[in-house]
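Inspection log for the structure reproduced underneath, given as structure tokens.
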Amino acid sequence: MWIDDNIIRQCKEALVIDTWIPSEPIIVLGRSNEAEKEVFVEGAARDEVQVLQRYGGGGTVILYPGCVVLSIGAWVKDRFRNDYFFNLLNQTVIGLFEVGFPVCQDRLGLNGISDITLDDKKIAGTSLFRSRNYLLYQASIIVELDLSMIEKYLPHPSKEPEYRAQRSHAEFLTGLSAADSQITAKKVLALLETEAKKKFLESLENDAMDMQDSQVPHLFGKVDRQ
């Protein structure tokens with residue numbers, strides 16, 4: 001099962017933005033991840049924690065009620081330049097947070113291939129899936145860190161960005177609420193629901209294009225094959 005299917009089903013729209021808070025724990029594997037390597041599978045199975053996969057790359061994450069998920073589907077002129085789109089979209093997320101939560105100003109940044117960090121700790125992992133002119137971006141944002149949840153289901157990853165430097169989950173991860181305990185997942189969701197579409201339309205203005213009819217069947221085929 002793929003966590004991105006709800007966005008791809010809406011690919012006839014020029015831009016789709018979806019934001020949500022998980023109601024229960026969900027483990028999400030990157031496209032090339034193997035559950036046996038990245039998940040304590042027996043514990044997840046015992047606790048009936050759903051394991052999904054995403055079309056984009058990156059590492060395995062666990063989503064839970066202290067997280068916010070942001071997904072964007074967009075048609076863009078350029079079929080390549082993933083580094084450019086990672087930077088553009090992640091910087092837009094950072095800009096939203098810095099305006100919505102001024103205490104975060106000058107503390108948020110980019111690290112690794114596509115992580116968003118607070119100081120030197122990761123608060124969000126992001127991924128990209130590209131299919132010709134279609135771009136699917138997803139950010140898994142930790143707002144209220146539940147370290148016990150993460151350590152219960154996820155071992156140290158088999159691959160890590162250089163800046164992690166073999167740090168444990170406790171040393172490497174944090175939540176946006178570490179900047180201010182008044183920041184909650186619900187407040188982050190409300191910010192994204194009210195401001196994200198406007199900001200991402202502005203960010204993608206020079207890159208956006210109309211929906212490409214000829215490419216839609218290929219995208220629908222991905223969903224239909226699941």
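By order in the structure tokens, chains are A, B, ...; within a chain, residues start at 1; ligands start at 1, following the order shown.
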Show which residues sit within 10 Å of Ile21 in chain A, as a PyMOL selection string. Count only C-alpha atoms, and ignore same-chain residues fewer than 2 positions away. chain A and resi 19+23-24+63-70+140-141+185-186+188-189
Restrict the selected residues to C-alpha atoms and save them as a short mmCIF file (atom, residue, chain, number, x, y, z; two decimals), in the first residue's frame.
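Contents of selection39.cif, as written:
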```
data_model
loop_
_atom_site.label_atom_id
_atom_site.label_comp_id
_atom_site.auth_asym_id
_atom_site.auth_seq_id
_atom_site.Cartn_x
_atom_site.Cartn_y
_atom_site.Cartn_z
CA THR A 19 -2.12 18.24 5.18
CA SER A 23 -4.67 9.47 14.18
CA GLU A 24 -2.49 6.44 15.00
CA LEU A 63 4.08 9.02 11.79
CA TYR A 64 1.97 9.51 14.90
CA PRO A 65 -0.41 12.14 16.36
CA GLY A 66 2.47 14.51 17.22
CA CYS A 67 3.45 14.75 13.53
CA VAL A 68 2.04 16.65 10.57
CA VAL A 69 2.20 15.33 7.02
CA LEU A 70 2.36 17.72 4.08
CA SER A 140 6.91 14.29 7.48
CA ILE A 141 7.17 16.96 10.18
CA ALA A 185 0.72 19.65 15.82
CA LYS A 186 -2.73 21.22 15.62
CA VAL A 188 1.18 23.60 12.64
CA LEU A 189 -1.71 21.98 10.76
#
```
Just want the 10 Å neighbourhood of Cys11 in chain A, counted on only C-alpha atoms, with same-chain residues fewer than 4 positions away dropped. Output as a ChimeraX atom specification. /A:5-7,15-16,73-75,134-136,211-213,215-216,219-220
Would you mind reading off the distance between CA of Lys187 in chain A and CA of Phe85 in chain A, one decimal, in Å?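 Atom-to-atom, CA of Lys187 in chain A and CA of Phe85 in chain A are spaced 26.0 Å apart.
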With distances taken over only C-alpha atoms, which of A:Met149, A:Ile72, A:Ile123, A:Val99 is nearest to Asp4 in chain A?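 Smallest distance to Asp4 in chain A is found for A:Ile72.
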Quick one: everything within 9 Å of Lys122 in chain A, counting only C-alpha atoms, minus sequence neighbours fewer than 6 positions away in the same chain. Send it as a PyMOL selection string. chain A and resi 111+115-116+142+164+172-175
For Ala178 in chain A, list every protein, DNA or RNA residue within 10 Å, evaluated using only C-alpha atoms, and leave out those in the same chain fewer than 5 positions away; present the list as a short mmCIF file (atom, residue, chain, number, x, y, z; two decimals) with all heavy atoms, in the first residue's frame.
```
data_model
loop_
_atom_site.label_atom_id
_atom_site.label_comp_id
_atom_site.auth_asym_id
_atom_site.auth_seq_id
_atom_site.Cartn_x
_atom_site.Cartn_y
_atom_site.Cartn_z
N CYS A 104 11.22 30.49 15.77
CA CYS A 104 12.05 29.59 14.96
C CYS A 104 13.01 30.32 14.02
O CYS A 104 13.85 29.68 13.39
CB CYS A 104 11.16 28.67 14.13
SG CYS A 104 10.17 27.52 15.11
N LEU A 118 16.11 21.84 12.99
CA LEU A 118 16.05 22.90 13.99
C LEU A 118 17.39 22.86 14.72
O LEU A 118 17.71 21.85 15.36
CB LEU A 118 14.89 22.66 14.97
CG LEU A 118 14.77 23.64 16.14
CD1 LEU A 118 14.35 25.02 15.64
CD2 LEU A 118 13.79 23.12 17.20
N ILE A 123 13.95 17.81 12.15
CA ILE A 123 12.52 17.89 12.50
C ILE A 123 11.63 17.40 11.36
O ILE A 123 10.44 17.15 11.58
CB ILE A 123 12.08 19.31 12.89
CG1 ILE A 123 12.28 20.28 11.70
CG2 ILE A 123 12.76 19.80 14.15
CD1 ILE A 123 11.48 21.56 11.84
N VAL A 143 6.49 17.51 15.21
CA VAL A 143 6.17 18.69 16.02
C VAL A 143 6.39 18.38 17.50
O VAL A 143 7.14 19.06 18.19
CB VAL A 143 4.73 19.17 15.77
CG1 VAL A 143 4.46 20.45 16.56
CG2 VAL A 143 4.49 19.40 14.28
N GLU A 144 5.75 17.33 17.97
CA GLU A 144 5.89 16.91 19.36
C GLU A 144 6.62 15.56 19.34
O GLU A 144 6.04 14.54 18.97
CB GLU A 144 4.51 16.81 20.01
CG GLU A 144 3.74 18.14 19.97
CD GLU A 144 2.24 17.97 20.05
OE1 GLU A 144 1.78 17.31 21.02
OE2 GLU A 144 1.54 18.46 19.17
N LEU A 145 7.87 15.57 19.71
CA LEU A 145 8.70 14.37 19.61
C LEU A 145 8.24 13.30 20.60
O LEU A 145 8.12 13.55 21.79
CB LEU A 145 10.16 14.74 19.89
CG LEU A 145 11.17 13.58 19.82
CD1 LEU A 145 11.28 13.04 18.40
CD2 LEU A 145 12.54 14.04 20.34
N ILE A 183 4.00 25.40 20.60
CA ILE A 183 3.79 24.93 19.23
C ILE A 183 3.30 23.49 19.29
O ILE A 183 3.98 22.62 19.82
CB ILE A 183 5.08 25.03 18.40
CG1 ILE A 183 5.58 26.47 18.34
CG2 ILE A 183 4.84 24.50 16.98
CD1 ILE A 183 6.93 26.62 17.65
#
```
Residues near His218 in chain A, anyone? I mean within 12 Å using only C-alpha atoms, not counting same-chain ones fewer than 6 positions away, as a PyMOL selection string. chain A and resi 8-9+11+131-134+212+224-225
Residues of the last selection are to be written out with C-alpha atoms, as a PDB file, in the first residue's frame.
```
ATOM      1  CA  ILE A   8      -1.923  10.889  -7.491  1.00  0.00           C
ATOM      2  CA  ARG A   9      -5.663  10.257  -7.790  1.00  0.00           C
ATOM      3  CA  CYS A  11      -3.327  14.573 -10.551  1.00  0.00           C
ATOM      4  CA  SER A 131       7.007  11.081 -13.252  1.00  0.00           C
ATOM      5  CA  ARG A 132       7.854  13.107 -16.346  1.00  0.00           C
ATOM      6  CA  ASN A 133       6.341  16.534 -15.602  1.00  0.00           C
ATOM      7  CA  TYR A 134       4.547  15.480 -12.428  1.00  0.00           C
ATOM      8  CA  GLN A 212      -0.647  17.083 -19.173  1.00  0.00           C
ATOM      9  CA  ASP A 224      -4.483   0.923 -10.269  1.00  0.00           C
ATOM     10  CA  ARG A 225      -1.636  -1.608 -10.066  1.00  0.00           C
TER      11      ARG A 225
END
```
Nearest candidate to Asn33 in chain A (options A:Pro157, A:Gly221, A:Gly100, A:Gly109; using only C-alpha atoms):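 Comparing A:Pro157, A:Gly221, A:Gly100, A:Gly109 against Asn33 in chain A, the winner is A:Pro157.
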For each of A:Lys12, A:Leu201, A:Ala170, A:Glu48, take the minimum atom-to-atom distance to Pro155 in chain A, counting only C-alpha atoms, then give the residue where this is smallest.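 Going through A:Lys12, A:Leu201, A:Ala170, A:Glu48 one by one, the smallest distance to Pro155 in chain A is for A:Ala170.
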As a list in words, which residues of range 18-63 of chain A does DSSP assign to strand (DSSP E or B)? Asp18, Thr19, Trp20, Ile26, Ile27, Val28, Leu29, Gln50, Val51, Leu52, Gln53, Val61, Ile62 and Leu63 of chain A
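Minimum atom-to-atom distances from A:Ile94, A:Ala165, A:Val76, A:Ala45 to Asp210 in chain A were compared using only C-alpha atoms, and the lowest value belongs to A:Val76.
The residue that comes closest to Arg81 in chain A, out of A:Ala35, A:Val49, A:Leu128, A:Leu176 and on the basis of only C-alpha atoms, is A:Leu128.
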